[in-house]
Amino acid sequence: MVKKISYNHIDGKIQPVIIENGSAYNDLRHGAVHTLTREMPMNIYDISKLAGVSIATVSRVLNGSEKVSQKTKEKVLAVMDEVNYTPNVFARGLGLDSMKTIGIMVADASDNFLANGIYYAEETLKKSGYDAILNCSGYDYSGKKKALELLMSKRIDGLIMIGSMYIEPNEKDRQYLYEASETIPIAIVNGYMDGNNIYCAYCDDFQAVYDATGQLLDSGREKILFLHRSLSYSARQKMSGYRAAFAKHGLEVNEDHIILMDRDIDKAKEKLSLLYDAGLRFDAIVATHDRYAAMALKFARDKGLSVPEDLSIIGYDNTILSVCTNPEITSIDSKVSVTTTEAVNALLKALDGQTPPKKICIPGELIKRETTDF
């Protein structure tokens, strides 16, 4: 029979429980049992679970922060007392608590841009002797929060978030990131969020799309579609650049030309075809991702449109897709290798006690190929 001693939160009290062959036993017939088997020394992640508070709150209590209410402070201290938890200040001071592990969060590792980000992040971490734990959170808000909680429970030293989808439009929805940054440094690739212990590196999406759209307008194209798949921080910057280019040329934006596309390419192509068949006409496309630019090429072929004569197309991110099509796609290079490396290096400097820049903006570059004629 396998026996382990666990601590459980039962009816507001913490009590030891014997686990036999994986089942929890105690002498109470009622009350929820939340089992946390102790095979390693207690840490603040365990305390947060038992106290029912965030890791950041436990950290604040340990550091004597005034941001914690007296009631919450007493609750956390009572948990620590009941399980005989003592913070290892000596080990922390020597850096012995470091696991030399960094968490990496992406929404979807199959995305070309995000996959490249993962590669450059891991390569940079290896050079400094750090390992990485990857979690694909998905795009749903609850999934993002759960992914962060899971990585934090692994006692990571820092966190890298690749993709601007983590920067929620609503400030309130970013609170879980602010709380996490009170415990560990956070690096964000491809987006900007102001906060203590948060370091961001991103492409100047506004300027890149502003310049590209302006060149299309200068070449005589005025019916320009803007295809996007979300309202992420990056997408909002790109859309603002698109609008600003029209304003600069004294033109009004046709709101029907700003189209939210499905992530599925076949569904996106079907939507564009239906709009075209219903009478929507356009002479150029600016897409927020190369996948939509490649989709637009298939659409043009199906409709008998010549590229770039009848339809100019500009993609984004300069991924492998842009050179796998015929004709090859003009695309904006968002410099993912540079932004990722800069963000990770900022994180590593923060872990080393240095004061890295909190905001690094990299200019994009329009790579002209065969889908434009300017």
# chains A, B, ... in the order shown; residues from 1 in each chain; ligands from 1

$ select_by_dssp --residues "region 95-324 of chain A" --states "strand (DSSP E)" --output "VMD selection string"
chain A and resid 101 to 106 131 to 136 158 to 162 186 to 189 198 to 203 224 to 228 258 to 260 284 to 287 312 to 316

$ closest_atom_pairs --of "region 179-216 of chain A" --to "region 103-115 of chain A" --cutoff "10 Å" --atoms "only C-alpha atoms" --output "Markdown table"
| residue | atom | partner | partner_atom | distance |
| --- | --- | --- | --- | --- |
| A:Ile186 | CA | A:Gly103 | CA | 9.5 |
| A:Ala187 | CA | A:Ile104 | CA | 9.5 |
| A:Ile188 | CA | A:Met105 | CA | 9.7 |
| A:Val189 | CA | A:Leu114 | CA | 9.6 |
| A:Asn190 | CA | A:Leu114 | CA | 9.9 |

$ write_last_selection --atoms "N, CA and C atoms" --output "mmCIF file, in the first residue's frame"
data_model
loop_
_atom_site.group_PDB
_atom_site.id
_atom_site.type_symbol
_atom_site.label_atom_id
_atom_site.label_comp_id
_atom_site.auth_asym_id
_atom_site.auth_seq_id
_atom_site.Cartn_x
_atom_site.Cartn_y
_atom_site.Cartn_z
ATOM 1 N N ILE A 186 8.197 39.435 -17.004
ATOM 2 C CA ILE A 186 7.455 38.980 -18.181
ATOM 3 C C ILE A 186 7.962 39.720 -19.411
ATOM 4 N N ALA A 187 8.219 38.971 -20.472
ATOM 5 C CA ALA A 187 8.589 39.552 -21.757
ATOM 6 C C ALA A 187 7.446 39.316 -22.732
ATOM 7 N N ILE A 188 7.079 40.342 -23.472
ATOM 8 C CA ILE A 188 6.009 40.240 -24.470
ATOM 9 C C ILE A 188 6.587 40.527 -25.851
ATOM 10 N N VAL A 189 6.380 39.597 -26.763
ATOM 11 C CA VAL A 189 6.846 39.749 -28.141
ATOM 12 C C VAL A 189 5.667 40.162 -29.017
ATOM 13 N N ASN A 190 5.843 41.232 -29.780
ATOM 14 C CA ASN A 190 4.843 41.685 -30.750
ATOM 15 C C ASN A 190 3.686 42.445 -30.113
#

$ select_by_dssp --residues "region 45-166 of chain A" --states "alpha helix (DSSP H)" --output "JSON, numbers by chain"
{"A": [45, 46, 47, 48, 49, 50, 51, 55, 56, 57, 58, 59, 60, 61, 62, 70, 71, 72, 73, 74, 75, 76, 77, 78, 79, 80, 81, 82, 89, 90, 91, 92, 93, 112, 113, 114, 115, 116, 117, 118, 119, 120, 121, 122, 123, 124, 125, 126, 127, 141, 142, 143, 144, 145, 146, 147, 148, 149, 150, 151, 152, 153]}

$ residues_around --residues "region 204-218 of chain A" --least-positions-apart "3" --cutoff "8 Å" --atoms "only C-alpha atoms" --output "list in words"
Arg221, Glu222, Ser234, Gln237, Lys238, Met239, Ser240, Gly241, Tyr242, Arg243, Ala244, Ala245, Phe246, His249, Ala284, Val286, Ile314, Ile332, Ser334, Cys361, Ile362, Pro363, Gly364, Glu365, Leu366 and Phe374 of chain A

$ write_last_selection --atoms "C-alpha atoms" --output "tab-separated table (two decimals), in the first residue's frame"
chain	number	residue	atom	x	y	z
A	221	ARG	CA	-5.16	51.89	-56.06
A	222	GLU	CA	-8.00	53.28	-53.93
A	234	SER	CA	-1.05	44.21	-33.33
A	237	GLN	CA	-2.07	49.06	-34.77
A	238	LYS	CA	-2.17	47.80	-38.36
A	239	MET	CA	-5.73	48.98	-38.84
A	240	SER	CA	-4.84	52.41	-37.49
A	241	GLY	CA	-1.98	52.61	-40.01
A	242	TYR	CA	-4.34	51.67	-42.83
A	243	ARG	CA	-6.83	54.38	-41.80
A	244	ALA	CA	-4.10	56.99	-41.36
A	245	ALA	CA	-2.79	56.39	-44.89
A	246	PHE	CA	-6.23	57.14	-46.35
A	249	HIS	CA	-4.28	61.16	-48.99
A	284	ALA	CA	-5.81	45.82	-53.79
A	286	VAL	CA	-3.58	44.52	-47.41
A	314	ILE	CA	0.42	42.66	-49.66
A	332	ILE	CA	5.93	43.20	-44.66
A	334	SER	CA	7.84	42.18	-38.97
A	361	CYS	CA	10.11	49.18	-31.18
A	362	ILE	CA	11.57	47.69	-34.37
A	363	PRO	CA	10.70	49.11	-37.82
A	364	GLY	CA	9.13	46.70	-40.31
A	365	GLU	CA	10.35	46.29	-43.87
A	366	LEU	CA	8.30	45.92	-47.04
A	374	PHE	CA	4.70	49.89	-57.58

$ closest_atom_pairs --of "region 172-259 of chain A" --to "region 128-147 of chain A" --cutoff "9 Å" --atoms "only C-alpha atoms" --output "tab-separated table"
residue	atom	partner	partner_atom	distance
A:Asp173	CA	A:Tyr141	CA	8.5
A:Tyr176	CA	A:Lys145	CA	7.2
A:Leu177	CA	A:Lys145	CA	8.6

$ atom_distance --atom1 "CA of Phe226 (chain A)" --atom2 "CA of Ile329 (chain A)"
15.9 Å

$ closest_residue --among "A:Asp262, A:Asp302, A:Asp194, A:Glu168" --to "Ser232 (chain A)" --atoms "only C-alpha atoms"
A:Glu168

$ residues_around --residues "Asn84 (chain A)" --least-positions-apart "5" --cutoff "10 Å" --atoms "only C-alpha atoms" --output "ChimeraX atom specification"
/A:42,78-79

$ write_last_selection --atoms "N, CA and C atoms" --output "CSV table (one decimal), in the first residue's frame"
chain,number,residue,atom,x,y,z
A,42,MET,N,7.4,22.7,0.6
A,42,MET,CA,6.4,23.7,0.3
A,42,MET,C,7.0,24.9,-0.4
A,78,ALA,N,-1.9,32.3,8.3
A,78,ALA,CA,-2.4,31.2,9.1
A,78,ALA,C,-2.2,29.9,8.3
A,79,VAL,N,-2.3,29.9,7.0
A,79,VAL,CA,-2.0,28.8,6.2
A,79,VAL,C,-0.5,28.4,6.4
